[in-house]
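Everything below belongs to start03.pdb, which stores PDB, C-alpha atoms.
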ATOM      1  CA  MET O   1     173.178 138.787 161.546
ATOM      2  CA  GLU O   2     175.479 141.444 160.121
ATOM      3  CA  GLU O   3     178.541 139.224 160.761
ATOM      4  CA  ILE O   4     176.835 136.286 158.999
ATOM      5  CA  ASN O   5     176.074 138.441 155.970
ATOM      6  CA  LYS O   6     179.644 139.681 155.890
ATOM      7  CA  THR O   7     180.965 136.121 156.094
ATOM      8  CA  ALA O   8     178.687 134.881 153.307
ATOM      9  CA  ASP O   9     179.997 137.624 150.989
ATOM     10  CA  VAL O  10     183.680 136.950 151.720
ATOM     11  CA  ARG O  11     185.954 136.224 148.770
ATOM     12  CA  PHE O  12     189.391 134.983 149.724
ATOM     13  CA  PHE O  13     192.600 135.748 147.851
ATOM     14  CA  PHE O  14     195.979 134.064 148.232
ATOM     15  CA  HIS O  15     199.061 136.104 149.014
ATOM     16  CA  PRO O  16     201.540 135.920 146.090
ATOM     17  CA  PHE O  17     204.936 134.327 146.666
ATOM     18  CA  SER O  18     206.541 137.404 145.137
ATOM     19  CA  ALA O  19     205.545 140.842 143.885
ATOM     20  CA  ASP O  20     207.698 140.232 140.811
ATOM     21  CA  PRO O  21     205.603 138.701 137.953
ATOM     22  CA  THR O  22     208.679 136.957 136.557
ATOM     23  CA  VAL O  23     209.326 135.170 139.854
ATOM     24  CA  GLN O  24     205.643 134.212 140.017
ATOM     25  CA  VAL O  25     205.844 132.679 136.530
ATOM     26  CA  VAL O  26     208.961 130.705 137.502
ATOM     27  CA  ILE O  27     207.180 129.366 140.597
ATOM     28  CA  PHE O  28     204.105 128.601 138.487
ATOM     29  CA  VAL O  29     206.193 126.538 136.071
ATOM     30  CA  ALA O  30     207.881 124.715 138.980
ATOM     31  CA  PHE O  31     204.500 123.900 140.580
ATOM     32  CA  LEU O  32     203.043 122.796 137.255
ATOM     33  CA  VAL O  33     205.987 120.484 136.541
ATOM     34  CA  MET O  34     205.770 118.999 140.051
ATOM     35  CA  TYR O  35     202.014 118.505 139.729
ATOM     36  CA  LEU O  36     202.242 116.791 136.337
ATOM     37  CA  THR O  37     205.151 114.649 137.525
ATOM     38  CA  SER O  38     203.168 113.613 140.593
ATOM     39  CA  LEU O  39     200.112 112.746 138.482
ATOM     40  CA  SER O  40     202.105 110.706 135.964
ATOM     41  CA  GLY O  41     204.194 108.882 138.599
ATOM     42  CA  ASN O  42     201.290 107.895 140.824
ATOM     43  CA  ALA O  43     199.046 107.037 137.880
ATOM     44  CA  THR O  44     201.804 104.786 136.520
ATOM     45  CA  ILE O  45     202.026 102.858 139.796
ATOM     46  CA  ALA O  46     198.232 102.471 139.992
ATOM     47  CA  VAL O  47     197.993 101.236 136.387
ATOM     48  CA  ILE O  48     201.007  98.890 136.634
ATOM     49  CA  VAL O  49     199.567  97.236 139.736
ATOM     50  CA  GLN O  50     196.162  96.943 138.084
ATOM     51  CA  ILE O  51     197.338  95.335 134.824
ATOM     52  CA  ASN O  52     200.017  93.047 136.286
ATOM     53  CA  HIS O  53     198.433  90.004 137.932
ATOM     54  CA  SER O  54     201.643  89.105 139.767
ATOM     55  CA  LEU O  55     201.232  92.329 141.746
ATOM     56  CA  HIS O  56     197.714  91.517 142.913
ATOM     57  CA  THR O  57     198.808  91.085 146.523
ATOM     58  CA  PRO O  58     197.844  93.061 149.660
ATOM     59  CA  MET O  59     201.088  95.071 149.661
ATOM     60  CA  TYR O  60     200.590  96.320 146.104
ATOM     61  CA  PHE O  61     196.847  96.769 146.648
ATOM     62  CA  PHE O  62     197.624  99.281 149.399
ATOM     63  CA  LEU O  63     200.414 100.856 147.347
ATOM     64  CA  ALA O  64     198.088 101.382 144.372
ATOM     65  CA  ASN O  65     195.445 102.910 146.624
ATOM     66  CA  LEU O  66     198.080 105.186 148.180
ATOM     67  CA  ALA O  67     198.993 106.341 144.664
ATOM     68  CA  VAL O  68     195.341 107.094 143.854
ATOM     69  CA  LEU O  69     194.955 108.985 147.135
ATOM     70  CA  GLU O  70     198.038 111.049 146.280
ATOM     71  CA  ILE O  71     196.525 111.966 142.900
ATOM     72  CA  PHE O  72     193.322 113.296 144.462
ATOM     73  CA  TYR O  73     195.204 114.850 147.402
ATOM     74  CA  THR O  74     197.484 116.905 145.153
ATOM     75  CA  SER O  75     194.610 117.719 142.786
ATOM     76  CA  SER O  76     192.655 119.262 145.662
ATOM     77  CA  ILE O  77     195.449 121.840 145.991
ATOM     78  CA  ALA O  78     197.237 122.316 142.672
ATOM     79  CA  PRO O  79     194.640 123.793 140.241
ATOM     80  CA  LEU O  80     193.675 126.704 142.505
ATOM     81  CA  ALA O  81     197.292 127.275 143.526
ATOM     82  CA  LEU O  82     198.356 127.410 139.866
ATOM     83  CA  ALA O  83     195.520 129.796 138.969
ATOM     84  CA  ASN O  84     196.547 132.165 141.746
ATOM     85  CA  LEU O  85     200.215 132.009 140.850
ATOM     86  CA  ILE O  86     199.605 133.001 137.250
ATOM     87  CA  SER O  87     197.118 135.742 138.231
ATOM     88  CA  MET O  88     199.421 137.240 140.904
ATOM     89  CA  GLY O  89     196.962 136.306 143.659
ATOM     90  CA  LYS O  90     193.962 137.938 141.970
ATOM     91  CA  THR O  91     191.887 134.776 141.523
ATOM     92  CA  PRO O  92     189.150 134.860 144.176
ATOM     93  CA  VAL O  93     187.777 131.823 145.972
ATOM     94  CA  SER O  94     184.415 131.845 147.722
ATOM     95  CA  ILE O  95     184.053 130.773 151.328
ATOM     96  CA  THR O  96     182.244 127.643 150.068
ATOM     97  CA  GLY O  97     185.083 126.869 147.669
ATOM     98  CA  CYS O  98     187.664 127.421 150.395
ATOM     99  CA  GLY O  99     185.754 125.154 152.779
ATOM    100  CA  THR O 100     185.440 122.460 150.116
ATOM    101  CA  GLN O 101     189.159 122.553 149.421
ATOM    102  CA  MET O 102     189.957 122.379 153.140
ATOM    103  CA  PHE O 103     187.599 119.430 153.621
ATOM    104  CA  PHE O 104     189.147 117.355 150.826
ATOM    105  CA  PHE O 105     192.684 118.286 151.852
ATOM    106  CA  VAL O 106     192.118 117.104 155.452
ATOM    107  CA  PHE O 107     190.017 114.117 154.364
ATOM    108  CA  LEU O 108     192.545 112.782 151.852
ATOM    109  CA  GLY O 109     195.566 113.728 153.972
ATOM    110  CA  GLY O 110     194.077 111.978 157.008
ATOM    111  CA  ALA O 111     193.239 108.874 154.975
ATOM    112  CA  ASP O 112     196.797 108.938 153.603
ATOM    113  CA  CYS O 113     198.276 108.916 157.137
ATOM    114  CA  VAL O 114     196.011 106.066 158.277
ATOM    115  CA  LEU O 115     196.815 104.076 155.133
ATOM    116  CA  LEU O 116     200.549 104.354 155.859
ATOM    117  CA  ALA O 117     199.848 102.737 159.248
ATOM    118  CA  VAL O 118     197.855  99.985 157.500
ATOM    119  CA  MET O 119     200.801  99.384 155.163
ATOM    120  CA  ALA O 120     203.098  99.043 158.183
ATOM    121  CA  TYR O 121     200.726  96.433 159.628
ATOM    122  CA  ASP O 122     200.809  94.589 156.305
ATOM    123  CA  ARG O 123     204.629  94.471 156.356
ATOM    124  CA  PHE O 124     204.590  93.433 160.023
ATOM    125  CA  THR O 125     202.297  90.498 159.195
ATOM    126  CA  ALA O 126     204.318  89.481 156.117
ATOM    127  CA  ILE O 127     207.662  89.430 157.952
ATOM    128  CA  CYS O 128     206.640  88.290 161.430
ATOM    129  CA  TYR O 129     203.986  85.751 160.391
ATOM    130  CA  PRO O 130     204.958  84.687 156.830
ATOM    131  CA  LEU O 131     203.212  81.289 156.985
ATOM    132  CA  ARG O 132     199.936  82.823 158.105
ATOM    133  CA  TYR O 133     200.199  85.972 155.976
ATOM    134  CA  THR O 134     197.683  85.055 153.274
ATOM    135  CA  LEU O 135     195.250  83.834 155.909
ATOM    136  CA  ILE O 136     195.519  86.994 158.036
ATOM    137  CA  MET O 137     195.649  89.535 155.191
ATOM    138  CA  SER O 138     192.606  88.236 153.345
ATOM    139  CA  TRP O 139     191.099  90.342 150.578
ATOM    140  CA  PRO O 140     187.969  91.192 152.617
ATOM    141  CA  LEU O 141     190.216  92.496 155.408
ATOM    142  CA  CYS O 142     192.295  94.535 152.930
ATOM    143  CA  VAL O 143     189.151  96.170 151.534
ATOM    144  CA  GLU O 144     187.881  96.860 155.049
ATOM    145  CA  LEU O 145     191.202  98.438 156.077
ATOM    146  CA  MET O 146     191.204 100.626 152.972
ATOM    147  CA  GLY O 147     187.591 101.624 153.548
ATOM    148  CA  GLY O 148     188.345 102.283 157.208
ATOM    149  CA  SER O 149     191.149 104.677 156.225
ATOM    150  CA  LEU O 150     188.711 106.692 154.099
ATOM    151  CA  VAL O 151     185.996 106.677 156.758
ATOM    152  CA  LEU O 152     188.407 107.865 159.464
ATOM    153  CA  GLY O 153     189.684 110.624 157.175
ATOM    154  CA  PHE O 154     186.105 111.737 156.515
ATOM    155  CA  LEU O 155     185.072 111.643 160.195
ATOM    156  CA  LEU O 156     188.080 113.740 161.190
ATOM    157  CA  SER O 157     187.736 116.242 158.342
ATOM    158  CA  MET O 158     184.023 117.047 158.345
ATOM    159  CA  PRO O 159     183.571 118.363 161.932
ATOM    160  CA  LEU O 160     186.821 120.347 161.817
ATOM    161  CA  THR O 161     185.916 122.040 158.527
ATOM    162  CA  ILE O 162     182.406 122.881 159.771
ATOM    163  CA  LEU O 163     183.826 124.263 163.017
ATOM    164  CA  ILE O 164     186.300 126.545 161.261
ATOM    165  CA  PHE O 165     183.840 127.876 158.697
ATOM    166  CA  HIS O 166     181.318 128.796 161.361
ATOM    167  CA  LEU O 167     183.776 131.536 162.311
ATOM    168  CA  PRO O 168     182.971 135.058 161.128
ATOM    169  CA  PHE O 169     185.354 136.446 158.484
ATOM    170  CA  CYS O 170     184.880 140.185 158.261
ATOM    171  CA  ASN O 171     188.334 141.751 158.215
ATOM    172  CA  SER O 172     191.243 140.838 155.947
ATOM    173  CA  ASN O 173     190.465 138.356 153.173
ATOM    174  CA  GLU O 174     194.027 137.641 152.017
ATOM    175  CA  ILE O 175     195.218 134.162 153.002
ATOM    176  CA  TYR O 176     198.979 134.070 153.497
ATOM    177  CA  HIS O 177     199.262 130.709 151.785
ATOM    178  CA  PHE O 178     198.726 129.041 148.393
ATOM    179  CA  TYR O 179     195.672 127.011 149.497
ATOM    180  CA  CYS O 180     193.034 127.087 152.247
ATOM    181  CA  ASP O 181     195.162 125.673 155.037
ATOM    182  CA  MET O 182     193.514 125.657 158.468
ATOM    183  CA  PRO O 183     196.030 127.745 160.487
ATOM    184  CA  ALA O 184     196.240 130.354 157.716
ATOM    185  CA  VAL O 185     192.438 130.651 157.383
ATOM    186  CA  MET O 186     191.851 130.878 161.148
ATOM    187  CA  ARG O 187     194.196 133.863 161.310
ATOM    188  CA  LEU O 188     191.635 135.847 159.282
ATOM    189  CA  ALA O 189     188.692 135.219 161.622
ATOM    190  CA  CYS O 190     187.380 138.183 163.613
ATOM    191  CA  ALA O 191     186.507 136.068 166.651
ATOM    192  CA  ASP O 192     188.161 134.111 169.443
ATOM    193  CA  THR O 193     189.730 130.996 167.855
ATOM    194  CA  ARG O 194     191.166 129.317 170.950
ATOM    195  CA  VAL O 195     188.600 126.500 170.845
ATOM    196  CA  HIS O 196     189.203 126.002 167.131
ATOM    197  CA  LYS O 197     192.981 125.892 167.593
ATOM    198  CA  THR O 198     192.564 123.339 170.363
ATOM    199  CA  ALA O 199     190.284 121.208 168.164
ATOM    200  CA  LEU O 200     192.786 121.438 165.308
ATOM    201  CA  TYR O 201     195.622 120.368 167.599
ATOM    202  CA  ILE O 202     193.661 117.421 169.012
ATOM    203  CA  ILE O 203     192.597 116.161 165.573
ATOM    204  CA  SER O 204     196.103 116.658 164.189
ATOM    205  CA  PHE O 205     197.476 114.708 167.151
ATOM    206  CA  ILE O 206     195.034 111.859 166.453
ATOM    207  CA  VAL O 207     195.779 111.811 162.708
ATOM    208  CA  LEU O 208     199.553 112.001 163.101
ATOM    209  CA  SER O 209     200.619 110.621 166.463
ATOM    210  CA  ILE O 210     198.436 107.517 166.759
ATOM    211  CA  PRO O 211     199.235 106.084 163.282
ATOM    212  CA  LEU O 212     202.916 107.006 163.741
ATOM    213  CA  SER O 213     202.972 105.181 167.091
ATOM    214  CA  LEU O 214     201.433 102.096 165.469
ATOM    215  CA  ILE O 215     203.981 102.285 162.640
ATOM    216  CA  SER O 216     206.842 102.585 165.137
ATOM    217  CA  ILE O 217     205.624  99.596 167.159
ATOM    218  CA  SER O 218     205.221  97.546 163.960
ATOM    219  CA  TYR O 219     208.780  98.315 162.898
ATOM    220  CA  VAL O 220     210.232  97.383 166.275
ATOM    221  CA  PHE O 221     208.833  93.874 165.741
ATOM    222  CA  ILE O 222     209.779  93.923 162.046
ATOM    223  CA  VAL O 223     213.434  94.798 162.738
ATOM    224  CA  ALA O 224     213.629  92.138 165.465
ATOM    225  CA  ALA O 225     212.209  89.554 163.047
ATOM    226  CA  ILE O 226     214.575  90.584 160.233
ATOM    227  CA  LEU O 227     217.611  90.275 162.492
ATOM    228  CA  ARG O 228     216.606  86.685 163.214
ATOM    229  CA  ILE O 229     216.674  85.796 159.511
ATOM    230  CA  ARG O 230     219.785  83.673 158.918
ATOM    231  CA  SER O 231     220.078  84.307 155.198
ATOM    232  CA  ALA O 232     221.877  87.532 154.277
ATOM    233  CA  GLU O 233     219.827  87.706 151.057
ATOM    234  CA  GLY O 234     216.629  87.266 153.037
ATOM    235  CA  ARG O 235     217.584  90.101 155.395
ATOM    236  CA  ARG O 236     218.490  92.332 152.454
ATOM    237  CA  ARG O 237     215.164  91.742 150.699
ATOM    238  CA  ALA O 238     213.193  92.320 153.896
ATOM    239  CA  PHE O 239     215.023  95.581 154.650
ATOM    240  CA  SER O 240     214.620  96.714 151.036
ATOM    241  CA  THR O 241     210.872  96.113 151.156
ATOM    242  CA  CYS O 242     210.478  98.078 154.390
ATOM    243  CA  SER O 243     212.967 100.902 153.840
ATOM    244  CA  SER O 244     210.896 102.525 151.085
ATOM    245  CA  HIS O 245     207.877 102.632 153.386
ATOM    246  CA  ILE O 246     209.971 104.141 156.195
ATOM    247  CA  LEU O 247     211.262 106.908 153.897
ATOM    248  CA  VAL O 248     207.710 107.817 152.838
ATOM    249  CA  VAL O 249     206.553 107.840 156.475
ATOM    250  CA  LEU O 250     209.407 110.135 157.561
ATOM    251  CA  LEU O 251     208.659 112.611 154.775
ATOM    252  CA  GLN O 252     204.896 112.650 155.289
ATOM    253  CA  TYR O 253     204.794 112.734 159.077
ATOM    254  CA  GLY O 254     207.854 114.933 159.576
ATOM    255  CA  CYS O 255     206.574 117.883 157.546
ATOM    256  CA  THR O 256     202.923 117.696 158.625
ATOM    257  CA  SER O 257     203.895 117.376 162.300
ATOM    258  CA  PHE O 258     206.045 120.501 161.949
ATOM    259  CA  ILE O 259     202.992 122.488 160.807
ATOM    260  CA  TYR O 260     200.131 121.053 162.845
ATOM    261  CA  LEU O 261     201.761 119.914 166.097
ATOM    262  CA  SER O 262     203.949 122.969 166.689
ATOM    263  CA  PRO O 263     202.657 125.512 169.246
ATOM    264  CA  SER O 264     200.401 128.080 167.581
ATOM    265  CA  SER O 265     202.516 130.858 169.092
ATOM    266  CA  SER O 266     205.487 129.668 167.023
ATOM    267  CA  TYR O 267     203.507 129.392 163.755
ATOM    268  CA  SER O 268     205.165 131.345 160.964
ATOM    269  CA  PRO O 269     203.002 131.982 157.869
ATOM    270  CA  GLU O 270     206.059 132.159 155.632
ATOM    271  CA  MET O 271     207.615 128.972 157.011
ATOM    272  CA  GLY O 272     204.226 127.242 156.944
ATOM    273  CA  ARG O 273     203.842 128.031 153.267
ATOM    274  CA  VAL O 274     207.318 126.752 152.379
ATOM    275  CA  VAL O 275     207.027 123.520 154.388
ATOM    276  CA  SER O 276     203.562 122.893 152.918
ATOM    277  CA  VAL O 277     205.113 122.721 149.453
ATOM    278  CA  VAL O 278     206.989 119.602 150.627
ATOM    279  CA  TYR O 279     203.956 117.531 151.598
ATOM    280  CA  THR O 280     201.553 118.872 148.954
ATOM    281  CA  PHE O 281     203.827 118.764 145.891
ATOM    282  CA  ILE O 282     207.220 117.181 146.600
ATOM    283  CA  THR O 283     206.203 114.139 148.693
ATOM    284  CA  PRO O 284     203.602 112.944 146.122
ATOM    285  CA  ILE O 285     206.430 113.013 143.540
ATOM    286  CA  LEU O 286     208.892 111.148 145.753
ATOM    287  CA  ASN O 287     206.462 108.402 146.806
ATOM    288  CA  PRO O 288     206.346 106.630 143.400
ATOM    289  CA  LEU O 289     210.067 107.233 142.863
ATOM    290  CA  ILE O 290     210.994 105.766 146.255
ATOM    291  CA  TYR O 291     208.755 102.733 145.870
ATOM    292  CA  SER O 292     209.773 102.027 142.273
ATOM    293  CA  MET O 293     213.505 102.386 142.961
ATOM    294  CA  ARG O 294     213.440 100.259 146.121
ATOM    295  CA  ASN O 295     211.090  97.534 144.887
ATOM    296  CA  ARG O 296     212.433  95.011 142.377
ATOM    297  CA  GLU O 297     209.056  93.459 141.522
ATOM    298  CA  LEU O 298     207.598  96.859 140.696
ATOM    299  CA  LYS O 299     210.644  97.791 138.606
ATOM    300  CA  ASP O 300     210.413  94.529 136.657
ATOM    301  CA  ALA O 301     206.689  95.030 136.028
ATOM    302  CA  LEU O 302     207.349  98.583 134.818
ATOM    303  CA  LYS O 303     210.121  97.424 132.456
ATOM    304  CA  LYS O 304     207.834  94.738 130.980
ATOM    305  CA  ALA O 305     205.070  97.277 130.471
ATOM    306  CA  LEU O 306     207.451  99.719 128.750
ATOM    307  CA  LYS O 307     208.750  97.001 126.415
ATOM    308  CA  LYS O 308     205.211  96.383 125.167
ATOM    309  CA  PHE O 309     205.083  99.948 123.948
TER     310      PHE O 309
END
What does this structure look like when you write it as structure tokens?
Amino acid sequence: MEEINKTADVRFFFHPFSADPTVQVVIFVAFLVMYLTSLSGNATIAVIVQINHSLHTPMYFFLANLAVLEIFYTSSIAPLALANLISMGKTPVSITGCGTQMFFFVFLGGADCVLLAVMAYDRFTAICYPLRYTLIMSWPLCVELMGGSLVLGFLLSMPLTILIFHLPFCNSNEIYHFYCDMPAVMRLACADTRVHKTALYIISFIVLSIPLSLISISYVFIVAAILRIRSAEGRRRAFSTCSSHILVVLLQYGCTSFIYLSPSSSYSPEMGRVVSVVYTFITPILNPLIYSMRNRELKDALKKALKKF
């Protein structure tokens, strides 16, 4: 009972990046610029797809939903991180607030990974079965695949978050991170966390490895189909459409796998914090840039929209 009371009263604080206030302000400005850039870039893609009827296709439907997911994903991290940066790590977060942030981070991040696999399936269908594409990728199926991504993210996030926050926290309350990341929070528990680390590894493996395997298989068939295209222009367009998706996949899965699939014995809080900046702030910025630069239809739609203003 005493441990439960101690846990209920816990207020977490985030370890500052630097003890120098000037450095903290510089990092705050950098994070704020990245956050606003991510919001504006992803919101632009979502709006452009929505208002341009020529982009009302399955590929752009998934792309717009990915952009919306990125907005909420980054927003689950950025406000609290910014508040702690400017306050030199003195902004407290309750155990309920920390659990809520962790839940939405895992939920949206998991849905993001599953959606990338869905997008690979969409490209596989478009390139390998072009004549049957509209029949296979019907709008009801697209909605079901999008809904399935969210449901899977939720089902993976909820039990893991509950499991971690049933741990007693009665010692240090300083999280060596800029948000409530699972490995960093578990390090503060005053109990045996071997079961929790195993559960985290298994769920991370499911979220990362299975979708990545499906993406890899899809692209084996996609590349084989592209190489059979006789027209050089046709091959170029097909590769251009797929290359942007591959770049996003490499960024997203590479960094998250480094954190969550590495042995816990090799986990470095400092390295974990630095790498996390990539997939929480930098990747959401690069996604709209990569897709807009590599996709001619999206670029044309954006130019038309800008001309109207």
Residues of range 163-244 of chain O within 10 Å of range 102-120 of chain O: nearest atom pair and distance (Å, one decimal) for each, counting only C-alpha atoms, sorted by chain and number, as JSON lines?
{"residue": "O:Ile164", "atom": "CA", "partner": "O:Met102", "partner_atom": "CA", "distance": 9.8}
{"residue": "O:Phe165", "atom": "CA", "partner": "O:Met102", "partner_atom": "CA", "distance": 9.9}
{"residue": "O:Tyr179", "atom": "CA", "partner": "O:Met102", "partner_atom": "CA", "distance": 8.2}
{"residue": "O:Cys180", "atom": "CA", "partner": "O:Met102", "partner_atom": "CA", "distance": 5.7}
{"residue": "O:Asp181", "atom": "CA", "partner": "O:Met102", "partner_atom": "CA", "distance": 6.4}
{"residue": "O:Met182", "atom": "CA", "partner": "O:Met102", "partner_atom": "CA", "distance": 7.2}
{"residue": "O:Val185", "atom": "CA", "partner": "O:Met102", "partner_atom": "CA", "distance": 9.6}
{"residue": "O:Ile203", "atom": "CA", "partner": "O:Gly110", "partner_atom": "CA", "distance": 9.6}
{"residue": "O:Ser204", "atom": "CA", "partner": "O:Gly110", "partner_atom": "CA", "distance": 8.8}
{"residue": "O:Ile206", "atom": "CA", "partner": "O:Gly110", "partner_atom": "CA", "distance": 9.5}
{"residue": "O:Val207", "atom": "CA", "partner": "O:Gly110", "partner_atom": "CA", "distance": 6.0}
{"residue": "O:Leu208", "atom": "CA", "partner": "O:Cys113", "partner_atom": "CA", "distance": 6.8}
{"residue": "O:Ser209", "atom": "CA", "partner": "O:Cys113", "partner_atom": "CA", "distance": 9.8}
{"residue": "O:Ile210", "atom": "CA", "partner": "O:Val114", "partner_atom": "CA", "distance": 8.9}
{"residue": "O:Pro211", "atom": "CA", "partner": "O:Ala117", "partner_atom": "CA", "distance": 5.3}
{"residue": "O:Leu212", "atom": "CA", "partner": "O:Ala117", "partner_atom": "CA", "distance": 6.9}
{"residue": "O:Ser213", "atom": "CA", "partner": "O:Ala117", "partner_atom": "CA", "distance": 8.8}
{"residue": "O:Leu214", "atom": "CA", "partner": "O:Ala117", "partner_atom": "CA", "distance": 6.5}
{"residue": "O:Ile215", "atom": "CA", "partner": "O:Ala117", "partner_atom": "CA", "distance": 5.4}
{"residue": "O:Ser216", "atom": "CA", "partner": "O:Ala120", "partner_atom": "CA", "distance": 8.7}
{"residue": "O:Ile217", "atom": "CA", "partner": "O:Ala120", "partner_atom": "CA", "distance": 9.3}
{"residue": "O:Ser218", "atom": "CA", "partner": "O:Ala120", "partner_atom": "CA", "distance": 6.3}
{"residue": "O:Tyr219", "atom": "CA", "partner": "O:Ala120", "partner_atom": "CA", "distance": 7.4}
{"residue": "O:Ile222", "atom": "CA", "partner": "O:Ala120", "partner_atom": "CA", "distance": 9.3}
{"residue": "O:Cys242", "atom": "CA", "partner": "O:Ala120", "partner_atom": "CA", "distance": 8.4}
Taking every listed atom of range 105-115 of chain O and adding 5 Å to each side, what centre and edge lengths in Å (one decimal) does the axis-aligned box have, as JSON?
{"center_x": 194.1, "center_y": 111.2, "center_z": 155.1, "size_x": 18.3, "size_y": 24.2, "size_z": 16.4}
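For the set O:Met59, O:Val275, O:Leu69, O:Ile27, the residue with the smallest atom-to-atom gap to Ala43 in chain O is O:Leu69, counting only C-alpha atoms.
When CA of Ile282 in chain O is paired with CA of Glu144 in chain O, their separation reads 29.3 Å.
The closest residue to Tyr260 in chain O, picked from O:Arg132, O:Lys197, O:Arg296, O:Lys304 and counting all atoms listed in the file, is O:Lys197.
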Find the residues around Val93 in chain O up to 9 Å (all atoms listed in the file counted), leave out those fewer than 4 positions away in its own chain, and share them as a ChimeraX atom specification. /O:10-14,80,97-98
Within 10 Å of Leu163 in chain O, counting only C-alpha atoms, which residues qualify if same-chain residues fewer than 6 places away don't, as a list in words? Val195, His196, Ala199 and Leu200 of chain O
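Our summary of the geometry notes that CA of Phe169 in chain O is positioned 26.1 Å from CA of Ser75 in chain O.
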Given only C-alpha atoms as the basis, pick out the residue of O:Val47, O:Leu36, O:Leu135, O:Ile162 nearest to Val68 in chain O. O:Val47
